[in-house]
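Shown here: run_12.cif, mmCIF, C-alpha atoms.
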```cif
data_query
#
loop_
_atom_site.label_atom_id
_atom_site.label_comp_id
_atom_site.auth_asym_id
_atom_site.auth_seq_id
_atom_site.Cartn_x
_atom_site.Cartn_y
_atom_site.Cartn_z
CA MET A 1 84.10 110.02 60.50
CA LEU A 2 87.64 108.64 60.08
CA GLU A 3 87.30 106.52 63.25
CA TYR A 4 84.16 104.81 61.87
CA ILE A 5 85.96 103.97 58.62
CA LEU A 6 88.91 102.60 60.59
CA PHE A 7 86.64 100.57 62.90
CA GLY A 8 84.92 99.16 59.81
CA LEU A 9 88.27 98.26 58.25
CA ILE A 10 89.55 96.59 61.43
CA ILE A 11 86.39 94.56 62.08
CA VAL A 12 85.21 93.70 58.57
CA VAL A 13 88.48 93.65 56.59
CA GLY A 14 90.52 92.11 59.44
CA THR A 15 88.01 89.34 60.07
CA GLY A 16 87.49 88.98 56.32
CA GLY A 17 91.23 88.39 55.95
CA GLU A 18 91.16 85.61 58.56
CA LEU A 19 88.12 84.11 56.83
CA CYS A 20 90.09 84.06 53.54
CA LEU A 21 92.87 82.26 55.43
CA GLY A 22 90.23 79.79 56.64
CA ARG A 23 89.00 79.30 53.07
CA ALA A 24 92.54 78.69 51.84
CA MET A 25 93.21 76.12 54.59
CA LYS A 26 89.91 74.34 53.91
CA GLU A 27 90.92 74.11 50.23
CA THR A 28 94.40 72.90 51.17
CA GLY A 29 93.17 70.20 53.55
CA GLU A 30 94.69 68.75 56.72
CA PRO A 31 98.30 67.56 57.11
CA GLU A 32 98.54 63.76 57.18
CA LYS A 33 100.67 63.99 60.33
CA PHE A 34 101.98 66.80 62.54
CA ARG A 35 105.59 66.07 61.52
CA PRO A 36 107.60 69.19 60.52
CA SER A 37 108.05 67.89 56.94
CA ALA A 38 104.29 67.26 56.53
CA VAL A 39 103.46 70.69 58.01
CA LEU A 40 105.97 72.42 55.68
CA ARG A 41 104.52 70.59 52.66
CA LEU A 42 101.02 71.68 53.67
CA LEU A 43 102.11 75.31 54.13
CA GLY A 44 103.81 75.18 50.71
CA ARG A 45 100.55 73.96 49.15
CA ALA A 46 98.58 76.65 51.02
CA LEU A 47 100.85 79.40 49.62
CA ARG A 48 99.69 78.44 46.12
CA VAL A 49 96.04 79.16 46.99
CA LYS A 50 94.95 82.70 46.01
CA TRP A 51 92.83 83.13 49.16
CA ILE A 52 95.99 83.15 51.32
CA TRP A 53 97.33 86.22 49.55
CA ILE A 54 93.96 88.01 49.57
CA GLY A 55 93.73 87.20 53.30
CA VAL A 56 97.24 88.46 54.08
CA ALA A 57 96.60 91.72 52.17
CA MET A 58 93.32 92.26 54.08
CA MET A 59 94.91 91.44 57.45
CA ALA A 60 97.77 93.88 56.73
CA THR A 61 95.23 96.62 55.86
CA ALA A 62 93.38 95.96 59.14
CA PHE A 63 96.65 95.98 61.11
CA PHE A 64 97.71 99.39 59.77
CA SER A 65 94.17 100.72 60.37
CA LEU A 66 94.48 99.55 63.99
CA LEU A 67 97.83 101.33 64.38
CA LEU A 68 96.34 104.52 62.91
CA LEU A 69 93.24 104.31 65.14
CA LEU A 70 95.36 103.71 68.25
CA SER A 71 97.31 106.87 67.45
CA PHE A 72 94.28 109.01 68.40
CA GLU A 73 91.87 106.70 70.28
CA ASP A 74 92.27 104.93 73.63
CA VAL A 75 92.93 101.15 73.72
CA SER A 76 90.12 100.76 76.27
CA PHE A 77 87.72 102.18 73.64
CA VAL A 78 89.17 100.45 70.58
CA VAL A 79 89.46 96.84 71.81
CA PRO A 80 85.86 96.42 73.12
CA VAL A 81 84.52 97.64 69.76
CA THR A 82 86.82 95.25 67.89
CA ALA A 83 85.36 92.42 70.05
CA LEU A 84 82.52 92.64 67.51
CA SER A 85 84.88 90.79 65.16
CA TYR A 86 83.80 87.55 66.89
CA LEU A 87 80.22 88.15 65.72
CA VAL A 88 81.36 89.15 62.22
CA GLY A 89 83.59 86.04 62.19
CA ALA A 90 80.64 83.76 62.97
CA LEU A 91 78.53 85.38 60.21
CA GLY A 92 81.44 85.03 57.78
CA GLY A 93 81.83 81.40 58.86
CA ILE A 94 78.20 80.77 57.91
CA PHE A 95 77.97 82.74 54.66
CA PHE A 96 81.53 82.54 53.29
CA LEU A 97 82.73 79.17 54.57
CA GLY A 98 79.42 77.30 54.80
CA GLU A 99 79.84 76.47 58.49
CA ARG A 100 76.85 75.59 60.66
CA VAL A 101 76.79 77.73 63.79
CA SER A 102 74.48 76.19 66.39
CA TRP A 103 72.69 78.14 69.13
CA GLN A 104 75.17 76.76 71.64
CA ARG A 105 78.09 78.17 69.62
CA TRP A 106 76.29 81.53 69.23
CA ILE A 107 75.87 81.76 73.02
CA GLY A 108 79.56 80.92 73.46
CA ILE A 109 80.59 83.59 70.91
CA ALA A 110 78.37 86.23 72.59
CA LEU A 111 79.90 85.39 75.99
CA VAL A 112 83.43 85.68 74.55
CA CYS A 113 82.54 89.16 73.16
CA ILE A 114 81.25 90.26 76.59
CA GLY A 115 84.26 88.70 78.35
CA VAL A 116 86.82 90.42 76.09
CA THR A 117 85.04 93.76 76.65
CA LEU A 118 85.12 93.28 80.45
CA VAL A 119 88.82 92.33 80.37
CA VAL A 120 89.71 95.55 78.55
CA ILE A 121 87.44 97.80 80.65
CA GLY A 122 88.84 96.17 83.81
CA ARG A 123 92.43 97.14 82.98
CA MET B 1 87.59 60.09 63.81
CA HIS B 2 85.45 62.24 66.05
CA THR B 3 88.03 62.23 68.88
CA ARG B 4 90.98 62.73 66.50
CA ILE B 5 89.51 66.04 65.24
CA HIS B 6 88.82 67.15 68.82
CA LEU B 7 92.33 66.31 69.99
CA LYS B 8 94.03 68.00 67.03
CA THR B 9 91.90 71.13 67.47
CA TYR B 10 92.50 71.36 71.24
CA LEU B 11 96.24 70.86 70.77
CA LEU B 12 96.50 73.56 68.07
CA ILE B 13 94.37 76.05 70.01
CA ALA B 14 96.52 75.38 73.11
CA VAL B 15 99.66 76.17 71.06
CA MET B 16 98.02 79.41 69.80
CA VAL B 17 96.92 80.44 73.30
CA VAL B 18 100.43 79.92 74.74
CA ALA B 19 102.64 81.06 71.82
CA GLY B 20 100.71 84.24 70.87
CA PRO B 21 100.76 86.06 74.23
CA ILE B 22 104.33 84.93 75.04
CA GLY B 23 105.46 86.18 71.60
CA ASN B 24 103.82 89.57 72.14
CA LEU B 25 105.29 89.80 75.64
CA LEU B 26 108.83 89.02 74.40
CA ILE B 27 108.59 91.54 71.54
CA ALA B 28 107.26 94.22 73.92
CA LYS B 29 110.15 93.44 76.31
CA ALA B 30 112.72 93.66 73.52
CA MET B 31 111.31 96.99 72.33
CA LYS B 32 111.28 98.41 75.88
CA GLN B 33 114.93 97.41 76.35
CA THR B 34 115.88 99.79 73.52
CA GLY B 35 114.30 102.77 75.31
CA PRO B 36 112.78 105.75 73.44
CA ILE B 37 113.49 105.59 69.69
CA ARG B 38 115.08 108.60 67.95
CA TYR B 39 114.25 108.72 64.25
CA TRP B 40 116.88 111.27 63.25
CA PRO B 41 119.64 111.15 62.11
CA PRO B 42 119.23 107.89 60.08
CA SER B 43 122.36 106.44 61.73
CA GLU B 44 120.45 106.56 65.04
CA LEU B 45 117.63 104.49 63.52
CA LEU B 46 120.15 101.97 62.18
CA HIS B 47 121.69 101.76 65.65
CA VAL B 48 118.23 101.02 67.17
CA PHE B 49 117.56 98.43 64.43
CA LEU B 50 120.84 96.63 65.15
CA GLN B 51 120.21 96.83 68.90
CA VAL B 52 116.68 95.37 68.59
CA PHE B 53 117.55 92.59 66.16
CA GLY B 54 120.78 91.80 68.00
CA SER B 55 118.86 90.70 71.08
CA PHE B 56 117.86 87.11 71.74
CA THR B 57 114.49 88.28 73.13
CA ILE B 58 113.20 89.65 69.81
CA TRP B 59 114.08 86.45 67.93
CA ALA B 60 112.43 84.33 70.63
CA GLY B 61 109.33 86.57 70.27
CA ILE B 62 109.34 86.26 66.47
CA ALA B 63 109.70 82.45 66.77
CA CYS B 64 106.68 82.37 69.11
CA LEU B 65 104.59 84.49 66.72
CA ILE B 66 105.54 82.26 63.75
CA THR B 67 104.52 79.25 65.87
CA PHE B 68 101.23 81.04 66.59
CA ILE B 69 100.42 81.73 62.92
CA VAL B 70 101.37 78.18 61.82
CA ALA B 71 99.17 76.72 64.60
CA PHE B 72 96.34 79.08 63.52
CA MET B 73 96.61 77.95 59.89
CA LEU B 74 96.72 74.27 60.89
CA ALA B 75 93.76 74.77 63.23
CA LEU B 76 91.79 76.30 60.34
CA SER B 77 92.63 73.26 58.19
CA VAL B 78 91.14 70.98 60.87
CA ALA B 79 88.29 72.98 62.44
CA ASP B 80 85.73 75.72 61.70
CA TYR B 81 86.80 79.37 61.79
CA SER B 82 83.74 80.10 63.96
CA TYR B 83 85.14 77.57 66.47
CA VAL B 84 88.85 78.48 66.41
CA GLN B 85 88.51 82.29 66.47
CA PRO B 86 86.44 82.62 69.69
CA ALA B 87 88.24 79.70 71.40
CA ALA B 88 91.55 81.50 70.83
CA ALA B 89 90.20 84.27 73.12
CA LEU B 90 91.62 82.05 75.90
CA GLY B 91 94.79 84.01 75.04
CA TYR B 92 93.37 86.79 77.27
CA VAL B 93 93.47 84.34 80.19
CA MET B 94 97.09 83.53 79.36
CA ILE B 95 97.96 87.26 79.24
CA ALA B 96 96.43 87.79 82.71
CA LEU B 97 98.24 84.75 84.16
CA LEU B 98 101.57 85.85 82.64
CA GLY B 99 100.99 89.34 84.04
CA VAL B 100 100.26 88.05 87.54
CA PHE B 101 102.87 85.30 87.83
CA LEU B 102 105.73 86.62 85.68
CA LEU B 103 105.43 90.40 85.91
CA GLY B 104 103.77 90.67 89.34
CA GLU B 105 100.97 92.83 87.92
CA LYS B 106 97.69 93.36 89.73
CA VAL B 107 94.54 92.23 87.94
CA SER B 108 91.29 94.01 88.80
CA PRO B 109 88.12 92.10 89.83
CA LEU B 110 86.40 93.28 86.62
CA HIS B 111 89.30 91.85 84.60
CA TRP B 112 88.93 88.47 86.41
CA ALA B 113 85.16 88.61 85.78
CA GLY B 114 85.87 89.10 82.06
CA ILE B 115 88.24 86.10 82.12
CA ALA B 116 85.56 83.99 83.81
CA VAL B 117 83.00 85.02 81.14
CA ILE B 118 85.50 84.17 78.34
CA CYS B 119 86.11 80.73 79.91
CA LEU B 120 82.34 80.17 80.17
CA GLY B 121 81.90 81.19 76.51
CA VAL B 122 84.71 78.88 75.37
CA SER B 123 83.16 76.00 77.36
CA PHE B 124 79.92 76.54 75.38
CA ILE B 125 81.89 76.53 72.10
CA ARG B 126 83.80 73.42 73.20
CA GLY B 127 80.45 71.63 73.49
CA THR B 128 79.89 72.00 69.72
CA HIS B 129 81.57 69.91 67.03
CA PRO B 130 84.83 71.58 65.88
CA ARG B 131 84.11 70.96 62.18
CA THR B 132 80.72 71.33 60.48
CA THR B 133 82.05 71.31 56.88
CA GLU B 134 83.81 68.65 54.88
CA ASN B 135 87.39 69.17 53.66
CA PRO B 136 87.78 68.63 49.90
CA ASP B 137 90.32 65.79 50.24
#
```

Take the structure in this file and express it as structure tokens.
Amino acid sequence: MLEYILFGLIIVVGTGGELCLGRAMKETGEPEKFRPSAVLRLLGRALRVKWIWIGVAMMATAFFSLLLLLSFEDVSFVVPVTALSYLVGALGGIFFLGERVSWQRWIGIALVCIGVTLVVIGR
Amino acid sequence: MHTRIHLKTYLLIAVMVVAGPIGNLLIAKAMKQTGPIRYWPPSELLHVFLQVFGSFTIWAGIACLITFIVAFMLALSVADYSYVQPAAALGYVMIALLGVFLLGEKVSPLHWAGIAVICLGVSFIRGTHPRTTENPD
């Protein structure tokens, strides 16, 4: 039972945290130029957006869940399951960030999931 | 405008794909240099802490991971999450190449097949527009 909860936390909360980061960066906007000063100003603005802190808290929760899960499950079992985060990420992109995911992008995401699983099994 | 977004996104994803795996590799190397960690007595833990953070390797690894997270945040300010997240899976290709060319590791045919499938998937994603939403500013 515990492993299902941890898998859920890693996939949903971890990806959710990255989606919050995405929301914060969309609210912050792009840097005018890629100069260090412009990038630092942008990061400073981003740190004032609440979604960053929600995202960091969620990503930290997912990270510690991953450490806990790896303490009693094999990496070759854990990583292929967490490859599902690419699918959850695309759904979050659509429903949380309002992105349009075309069929071509869906095919690409599905192939990446399969590829990551093969890489880990092939170790 | 169209090309500018593409170029920025490719550049930032390239930085993520290079900096992330190299950072992890350097941190793993620094941790292995310390050998098995003894947690007791506390002075032993302090000794390990000083040994780890006294090495150049760990700081180089931390610098790479900071570069990775900054590139990730910038990429998300430019492009869709559903574009950046799967495209960053090219990091697995980087890990395999680093393993083969730097560490002399053997990579199994199944592992190479997985890398080929990831590259195929990313080429599909690359064919879509990096940003399908409008930034507020």

Could you list, as a PyMOL selection string, every residue matched by the PyMOL selection byres ((chain A and resi 110) around 10) in this structure?
(chain A and resi 83-84+86-87+105-109+111-115) or (chain B and resi 86+117-118+121)

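Closest to Thr15 in chain A among A:Met58, A:Leu69, A:Leu97, A:Val81 is A:Met58, based on all atoms listed in the file.
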
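Taking all atoms listed in the file into account, chain A lies nearest to B:Ser82 out of the set B:Ser82, B:Leu98, B:Gly104, B:Leu25.
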
Which chain B residues are at most 8 Å from chain A (counting all atoms listed in the file), as a PyMOL selection string?
chain B and resi 73-74+76-78+80-83+85-86+89+92+107-125+127-128+131-133+135-137

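Counting from CA of Ala62 in chain A, the distance to CA of Ile5 in chain A is 10.9 Å.
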
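By chain and then residue number, the residues within 10 Å of range 14-19 of chain B are Lys8, Thr9, Tyr10, Gly23, Asn24, Leu25, Gly61, Ala63, Cys64, Leu65, Ile66, Thr67, Phe68, Ile69, Val70, Ala71, Phe72, Ala75, Val84, Ala87, Ala88, Ala89, Leu90, Gly91, Tyr92, Val93, Met94, Ile95 and Leu98 of chain B, counting only C-alpha atoms and disregarding those fewer than 4 positions away in sequence.
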
Residues within 12 Å of Tyr4 in chain A, please, as an mmCIF file with C-alpha atoms, in the coordinates of the input. Count only C-alpha atoms; anything in the same chain fewer than 4 positions from it doesn't count.
```cif
data_model
loop_
_atom_site.group_PDB
_atom_site.id
_atom_site.type_symbol
_atom_site.label_atom_id
_atom_site.label_comp_id
_atom_site.auth_asym_id
_atom_site.auth_seq_id
_atom_site.Cartn_x
_atom_site.Cartn_y
_atom_site.Cartn_z
ATOM 1 C CA GLY A 8 84.920 99.160 59.810
ATOM 2 C CA LEU A 9 88.270 98.260 58.250
ATOM 3 C CA ILE A 10 89.550 96.590 61.430
ATOM 4 C CA ILE A 11 86.390 94.560 62.080
ATOM 5 C CA VAL A 12 85.210 93.700 58.570
ATOM 6 C CA SER A 65 94.170 100.720 60.370
ATOM 7 C CA LEU A 66 94.480 99.550 63.990
ATOM 8 C CA LEU A 69 93.240 104.310 65.140
ATOM 9 C CA GLU A 73 91.870 106.700 70.280
ATOM 10 C CA VAL A 78 89.170 100.450 70.580
ATOM 11 C CA VAL A 81 84.520 97.640 69.760
ATOM 12 C CA THR A 82 86.820 95.250 67.890
#
```

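Nearest residue to Phe7 in chain A among A:Pro36, A:Gly44, A:Leu68, A:Lys50 is A:Leu68, counting only C-alpha atoms.
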
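By only C-alpha atoms, and with residues fewer than 3 positions from Thr34 in chain B along its chain excluded, the set lying at most 10 Å from it is Lys29, Ala30, Met31, Ile37, His47, Val48, Phe49, Gln51, Val52 and Ser55 of chain B.
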
Got time to write the residues from that selection, C-alpha atoms, as a PDB file, in the frame of the given file?
```
ATOM      1  CA  LYS B  29     110.150  93.440  76.310  1.00  0.00           C
ATOM      2  CA  ALA B  30     112.720  93.660  73.520  1.00  0.00           C
ATOM      3  CA  MET B  31     111.310  96.990  72.330  1.00  0.00           C
ATOM      4  CA  ILE B  37     113.490 105.590  69.690  1.00  0.00           C
ATOM      5  CA  HIS B  47     121.690 101.760  65.650  1.00  0.00           C
ATOM      6  CA  VAL B  48     118.230 101.020  67.170  1.00  0.00           C
ATOM      7  CA  PHE B  49     117.560  98.430  64.430  1.00  0.00           C
ATOM      8  CA  GLN B  51     120.210  96.830  68.900  1.00  0.00           C
ATOM      9  CA  VAL B  52     116.680  95.370  68.590  1.00  0.00           C
ATOM     10  CA  SER B  55     118.860  90.700  71.080  1.00  0.00           C
TER      11      SER B  55
END
```

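The coordinates place CA of Thr57 in chain B at 9.4 Å from CA of Ala28 in chain B.
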
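CA of Ile58 in chain B lies 17.8 Å from CA of Leu102 in chain B.
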
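Nearest residue to Gly16 in chain A among A:Val75, A:Leu70, A:Ala38, A:Met59 is A:Met59, counting all atoms listed in the file.
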
Taking every listed atom of range 1-8 of chain A and adding 6 Å to each side, what centre and edge lengths in Å (one decimal) does the axis-aligned box have, as JSON?
```
{"center_x": 86.5, "center_y": 104.6, "center_z": 60.9, "size_x": 16.8, "size_y": 22.9, "size_z": 16.6}
```
